[in-house]
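Colleague: My structure is stored as structure-v6.txt, with compact mmCIF, C-alpha atoms.
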```txt
# COMPACT_ATOMS: atom_id res chain seq x y z
CA MET A 153 19.74 2.10 -7.67
CA ASN A 154 16.57 0.94 -9.44
CA LEU A 155 13.35 2.63 -8.38
CA THR A 156 10.51 0.37 -7.27
CA PRO A 157 7.86 -0.07 -9.99
CA TYR A 158 4.22 0.59 -9.19
CA VAL A 159 0.66 0.05 -10.29
CA GLY A 160 -1.02 3.41 -10.07
CA ILE A 161 -4.45 4.70 -9.19
CA THR A 162 -4.99 8.44 -9.40
CA GLY A 163 -7.99 10.03 -7.72
CA PHE A 164 -7.90 9.03 -4.06
CA VAL A 165 -9.84 11.34 -1.74
CA SER A 166 -9.76 9.43 1.56
CA LEU A 167 -7.57 7.17 3.68
CA GLU A 168 -10.41 4.64 3.77
CA GLN A 169 -10.06 4.20 0.00
CA VAL A 170 -6.31 3.73 0.40
CA LYS A 171 -6.71 1.06 3.08
CA THR A 172 -9.30 -0.82 1.03
CA LEU A 173 -7.33 -0.84 -2.22
CA SER A 174 -3.98 -1.42 -0.50
CA ALA A 175 -5.43 -4.58 1.06
CA VAL A 176 -6.74 -5.68 -2.34
CA TRP A 177 -3.37 -5.15 -4.01
CA LYS A 178 -1.59 -7.00 -1.23
CA SER A 179 -3.93 -9.95 -1.71
CA VAL A 180 -3.63 -10.19 -5.52
CA ARG A 181 -0.02 -9.14 -6.15
CA PRO A 182 2.23 -12.09 -7.02
CA LYS A 183 4.47 -13.09 -4.12
CA GLU A 184 7.67 -12.52 -6.09
CA SER A 185 6.64 -9.02 -7.19
CA THR A 186 7.89 -5.88 -5.43
CA ARG A 187 5.46 -3.63 -7.30
CA LYS A 188 3.77 -1.10 -4.99
CA LEU A 189 0.36 0.55 -5.13
CA HIS A 190 0.76 4.15 -6.25
CA VAL A 191 -1.68 6.34 -4.32
CA GLY A 192 -2.28 9.35 -6.54
CA VAL A 193 -3.95 12.44 -5.09
CA MET A 194 -4.82 15.41 -7.27
CA THR A 195 -4.43 19.14 -6.78
CA SER A 196 -3.87 22.04 -9.14
CA TYR A 197 -3.00 25.71 -9.33
CA LYS A 198 -6.69 26.63 -9.24
CA HIS A 199 -7.47 24.21 -6.41
CA HIS A 200 -4.52 25.45 -4.39
CA HIS A 201 -5.57 29.08 -4.82
CA HIS A 202 -9.28 28.44 -4.21
CA ILE A 203 -10.32 29.29 -7.76
CA PRO A 204 -13.48 27.39 -8.87
CA HIS A 205 -12.75 24.60 -11.36
CA ALA A 206 -14.43 21.63 -13.03
CA TYR A 207 -12.59 18.92 -11.09
CA GLU A 208 -13.63 19.78 -7.54
CA LYS A 209 -15.53 16.49 -7.05
CA ALA A 210 -12.37 14.50 -7.77
CA PHE A 211 -9.93 16.57 -5.67
CA PRO A 212 -9.76 16.33 -1.86
CA LEU A 213 -9.53 19.40 0.35
CA GLU A 214 -5.85 20.24 0.63
CA ASN A 215 -5.90 20.11 4.43
CA ARG A 216 -6.87 16.41 4.15
CA ILE A 217 -4.08 15.34 1.80
CA ALA A 218 -1.52 14.40 4.48
CA GLU A 219 -3.93 11.97 6.14
CA ILE A 220 -4.59 10.22 2.81
CA PHE A 221 -0.87 9.48 2.65
CA ASP A 222 -0.84 7.83 6.08
CA CYS A 223 -0.01 4.37 4.76
CA ALA A 224 3.54 3.04 4.87
CA GLU A 225 3.01 0.22 2.36
CA THR A 226 2.02 2.46 -0.57
CA TYR A 227 3.88 4.81 -2.90
CA ASN A 228 2.27 8.16 -2.11
CA CYS A 229 2.25 10.74 -4.88
CA LEU A 230 0.71 14.19 -5.10
CA HIS A 231 -0.14 15.22 -8.67
CA TYR A 232 0.09 18.95 -9.35
CA VAL A 233 -1.69 20.25 -12.46
CA ASP A 234 -0.87 23.53 -14.22
CA TYR A 235 -0.81 23.42 -18.01
CA VAL A 236 -0.80 27.24 -18.22
CA GLY A 237 2.68 27.43 -16.72
CA ARG A 238 2.17 30.22 -14.22
CA PRO A 239 5.17 32.11 -12.77
CA LYS A 240 7.00 31.41 -9.48
CA LEU A 241 6.65 27.66 -9.86
CA TRP A 242 9.29 27.00 -7.23
CA GLU A 243 7.29 28.81 -4.54
CA THR A 244 4.13 26.90 -5.40
CA LEU A 245 5.97 23.57 -5.42
CA THR A 246 7.38 24.27 -1.97
CA GLU A 247 3.84 24.87 -0.69
CA ILE A 248 2.40 21.86 -2.53
CA ILE A 249 5.06 19.46 -1.25
CA SER A 250 4.38 20.58 2.33
CA LEU A 251 0.74 19.48 1.93
CA GLY A 252 1.79 15.85 1.62
CA GLY A 253 3.10 15.56 5.15
CA ILE A 254 5.63 12.96 6.24
CA GLY A 255 4.03 10.22 4.13
CA LEU A 256 4.68 11.90 0.78
CA HIS A 257 7.07 9.99 -1.48
CA ALA A 258 6.73 11.81 -4.79
CA ILE A 259 5.26 14.74 -6.62
CA GLN A 260 4.07 14.39 -10.20
CA LEU A 261 4.10 17.50 -12.36
CA ASP A 262 1.23 17.44 -14.82
CA MET A 263 2.65 20.32 -16.80
CA THR A 264 4.10 20.94 -20.26
CA TRP A 265 7.91 21.03 -19.99
CA PRO A 266 8.15 23.20 -16.85
CA ASP A 267 11.37 25.07 -16.07
CA PRO A 268 13.80 22.48 -14.61
CA THR A 269 15.59 25.12 -12.56
CA GLU A 270 12.30 26.08 -10.89
CA ILE A 271 11.60 22.42 -10.10
CA ALA A 272 14.99 21.91 -8.49
CA LYS A 273 14.68 25.12 -6.49
CA GLY A 274 11.20 24.22 -5.25
CA VAL A 275 12.18 20.72 -4.12
CA GLN A 276 15.29 22.02 -2.40
CA ALA A 277 13.34 24.76 -0.62
CA SER A 278 10.81 22.19 0.64
CA ARG A 279 13.60 20.40 2.54
CA LYS A 280 11.90 17.09 1.85
CA LYS A 281 13.31 14.09 0.06
CA VAL A 282 10.75 13.41 -2.64
CA GLU A 283 10.95 11.89 -6.09
CA VAL A 284 9.87 14.04 -9.02
CA ILE A 285 7.73 12.51 -11.76
CA LEU A 286 7.42 14.56 -14.92
CA GLN A 287 4.30 13.91 -16.97
CA ILE A 288 4.97 13.95 -20.69
CA GLY A 289 1.46 14.67 -21.89
CA LEU A 290 -0.05 15.27 -25.29
CA LYS A 291 1.20 18.86 -25.64
CA ALA A 292 4.65 17.86 -24.40
CA PHE A 293 4.81 15.17 -27.11
CA GLU A 294 3.67 17.70 -29.70
CA ALA A 295 6.35 20.17 -28.57
CA VAL A 296 9.03 17.64 -29.56
CA TYR A 297 7.13 16.62 -32.73
CA SER A 298 6.43 13.18 -31.23
CA ASP A 299 10.01 12.24 -32.02
CA PRO A 300 11.87 9.98 -29.53
CA LEU A 301 15.26 11.56 -30.17
CA ARG A 302 13.93 15.09 -29.72
CA LEU A 303 12.20 14.00 -26.53
CA VAL A 304 15.41 12.52 -25.17
CA ARG A 305 17.30 15.75 -25.93
CA LYS A 306 14.62 17.71 -24.10
CA LEU A 307 14.83 15.37 -21.13
CA GLU A 308 18.55 16.09 -20.83
CA GLU A 309 17.52 19.40 -19.26
CA TYR A 310 15.85 17.45 -16.43
CA GLU A 311 18.58 14.91 -15.70
CA ASP A 312 19.34 14.65 -11.95
CA ILE A 313 16.16 16.68 -11.25
CA VAL A 314 13.49 14.23 -12.42
CA GLN A 315 13.62 10.59 -11.31
CA ARG A 316 10.62 9.28 -13.25
CA VAL A 317 8.65 10.21 -16.35
CA SER A 318 5.01 9.41 -17.04
CA LEU A 319 4.17 8.98 -20.72
CA ASP A 320 0.52 9.96 -21.00
CA GLN A 321 -1.05 11.00 -24.28
CA SER A 322 -4.53 10.65 -22.78
CA MET A 323 -4.09 12.84 -19.67
CA GLY A 324 -7.15 11.49 -17.87
CA LYS A 325 -9.45 11.63 -20.90
CA GLY A 326 -9.68 7.87 -21.39
CA ARG A 327 -8.00 7.73 -24.81
CA PRO A 328 -6.57 4.22 -25.28
CA LEU A 329 -2.91 3.53 -24.69
CA ALA A 330 -0.93 2.87 -27.89
CA PRO A 331 1.72 0.21 -27.11
CA LYS A 332 3.62 0.33 -30.43
CA GLU A 333 3.85 4.12 -30.30
CA LEU A 334 4.96 4.22 -26.67
CA SER A 335 7.54 1.47 -27.08
CA ARG A 336 9.62 3.75 -29.32
CA PHE A 337 9.85 6.36 -26.57
CA ILE A 338 10.45 3.82 -23.79
CA ARG A 339 13.42 2.34 -25.65
CA ALA A 340 14.92 5.76 -26.35
CA ILE A 341 14.57 6.90 -22.72
CA LYS A 342 16.03 3.65 -21.36
CA ILE A 343 19.09 3.97 -23.57
CA ALA A 344 19.70 7.64 -22.76
CA PHE A 345 18.74 7.53 -19.07
CA PRO A 346 19.13 4.00 -17.68
CA LYS A 347 18.43 5.16 -14.11
CA MET A 348 15.21 6.99 -14.99
CA ALA A 349 12.03 5.04 -14.18
CA ILE A 350 9.18 5.06 -16.69
CA THR A 351 5.41 5.04 -16.21
CA VAL A 352 2.80 4.68 -18.92
CA ALA A 353 -0.76 5.95 -18.68
CA GLY A 354 -3.70 6.51 -20.95
CA GLY A 355 -7.05 4.80 -21.08
CA LEU A 356 -6.05 2.06 -18.63
CA GLY A 357 -8.80 0.48 -16.59
CA PRO A 358 -10.43 -2.86 -15.71
CA LYS A 359 -11.00 -3.83 -19.35
CA THR A 360 -7.86 -2.38 -20.94
CA VAL A 361 -4.92 -3.51 -18.78
CA HIS A 362 -4.15 -6.12 -21.43
CA LEU A 363 -2.76 -3.28 -23.57
CA LEU A 364 0.29 -3.36 -21.28
CA GLY A 365 1.22 -6.89 -22.35
CA SER A 366 3.97 -6.27 -24.90
CA LEU A 367 5.33 -3.24 -23.01
CA VAL A 368 5.76 -5.07 -19.69
CA LYS A 369 7.24 -8.08 -21.46
CA GLU A 370 9.93 -5.84 -22.93
CA SER A 371 10.32 -3.69 -19.79
CA PRO A 372 9.41 -5.65 -16.62
CA ASP A 373 10.25 -2.64 -14.44
CA LEU A 374 7.63 -0.48 -16.17
CA SER A 375 5.03 1.26 -13.99
CA TRP A 376 1.49 2.20 -15.03
CA ASP A 377 -1.25 4.49 -13.82
CA ALA A 378 -5.03 4.69 -14.30
CA GLU A 379 -7.46 7.54 -13.81
CA GLY A 380 -10.35 8.23 -16.19
CA LYS A 381 -11.35 4.60 -16.79
CA LEU A 382 -11.83 4.12 -13.03
CA ARG A 383 -15.04 6.12 -13.40
CA THR A 384 -18.19 4.82 -15.08
CA SER A 385 -18.41 8.12 -16.95
CA GLY A 386 -14.82 7.81 -18.15
CA SER A 387 -14.18 11.38 -17.01
CA ASN A 388 -11.53 12.35 -14.46
CA ARG A 389 -13.88 15.12 -13.35
CA ASP A 390 -15.88 12.51 -11.46
CA PRO A 391 -14.85 10.69 -8.27
CA MET A 392 -12.85 7.49 -8.53
CA GLU A 393 -15.04 4.38 -8.05
CA VAL A 394 -13.57 1.80 -5.70
CA PRO A 395 -15.27 -1.28 -7.30
CA ARG A 396 -13.79 -0.38 -10.69
CA ALA A 397 -10.40 0.20 -9.05
CA VAL A 398 -10.59 -3.25 -7.42
CA GLU A 399 -11.25 -4.85 -10.79
CA TYR A 400 -8.37 -2.89 -12.32
CA LEU A 401 -5.96 -4.09 -9.62
CA ARG A 402 -7.01 -7.68 -10.11
CA SER A 403 -6.41 -7.33 -13.84
CA SER A 404 -3.05 -5.65 -13.21
CA ALA A 405 -1.78 -8.52 -11.08
CA GLU A 406 -1.25 -10.68 -14.18
CA TYR A 407 1.30 -8.17 -15.50
CA SER A 408 3.09 -7.80 -12.16
CA GLU A 409 4.53 -11.30 -12.05
CA VAL A 410 7.92 -10.12 -13.23
CA SER A 411 9.34 -7.05 -11.53
CA PRO A 412 12.72 -6.19 -10.03
```
Go ahead and express the file in the form of structure tokens.
Modeller:
Amino acid sequence: MNLTPYVGITGFVSLEQVKTLSAVWKSVRPKESTRKLHVGVMTSYKHHHHIPHAYEKAFPLENRIAEIFDCAETYNCLHYVDYVGRPKLWETLTEIISLGGIGLHAIQLDMTWPDPTEIAKGVQASRKKVEVILQIGLKAFEAVYSDPLRLVRKLEEYEDIVQRVSLDQSMGKGRPLAPKELSRFIRAIKIAFPKMAITVAGGLGPKTVHLLGSLVKESPDLSWDAEGKLRTSGSNRDPMEVPRAVEYLRSSAEYSEVSP
């Protein structure tokens, strides 16, 4: 079964933002498109354990996460960040998944090749049916020497555990998406894992959605996500700005005409 593609916004901190941007997407999305609005909410190891960090303005309090996901029309995803790779991941994932409440659809792991066994154990222990999105960030690309075949071999360890991958060499820093580079990896993943859904991210925003053109033409079921460029500062340490997100959604509609 094909997974529904989405247009993503990461950095929601309130249900009011969700309702506003969900209504915008509903109004601009082409009638024939099934593409959903991805509601991305951020948390991290430090945030979860009440350790001070630089992203506190962009992360909601964890006891408010479930209410942000109280919208049936959106694809609700909790992003968990831990690039250090701390132990007992499965226990933390079980706790993190519970924060999403009944509206949670997916958890995205912003980590560098985490232990697949720990992921599977954590999801199973949560007793919730959620999709797992594995971010393949800059360090993850470097770990496989930015080689599509090496990346595919590494992904074999995650088959049947991860349902989607997010190719993100920017990781919220606003670096521009590189279509020609990413297309090599998209093709390799599609051949090796035809059921695995693919998201691209990196420097996408109101003025840069056009970079998706060739990628979406080749892969109409492609999803995409934006974060840093939805802030005037360009930094994902700052709160997401709704007016910029509205403009981004309007720009994204042009590339949503063809979707499964």
Colleague: Hey, can you check how far atom CA of Glu243 of chain A sits from atom CA of Leu230 of chain A?
Modeller: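 Between these atoms lies a distance of 16.0 Å.
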Colleague: The residues within 6 Å of (-3.2, -3.7, -16.3), using all atoms listed in the file and the coordinates of the file, should be reported as number ranges by chain; which are they?
Modeller: A: 361-362, 403-404
Colleague: Export C-alpha atoms of the chosen residues as a short mmCIF file (atom, residue, chain, number, x, y, z; two decimals), keeping the file's coordinate frame?
Modeller:
```cif
data_model
loop_
_atom_site.label_atom_id
_atom_site.label_comp_id
_atom_site.auth_asym_id
_atom_site.auth_seq_id
_atom_site.Cartn_x
_atom_site.Cartn_y
_atom_site.Cartn_z
CA VAL A 361 -4.92 -3.51 -18.78
CA HIS A 362 -4.15 -6.12 -21.43
CA SER A 403 -6.41 -7.33 -13.84
CA SER A 404 -3.05 -5.65 -13.21
#
```
Colleague: Nearest to Thr360 of chain A: which of A:Leu251, A:Leu329, A:Val193, A:Ala344 is it, counting all atoms listed in the file?
Modeller: A:Leu329
Colleague: What is the distance, in Å and to one decimal place, between atom CA of Ile249 of chain A and atom CA of Asp320 of chain A?
Modeller: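 Straight-line distance from atom CA of Ile249 of chain A to atom CA of Asp320 of chain A works out to 22.4 Å.
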Colleague: Grab the atom CA of Pro358 of chain A to atom CA of Gln169 of chain A distance for me, in Å with one decimal place.
Modeller: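 Here the two named atoms are 17.2 Å from each other.
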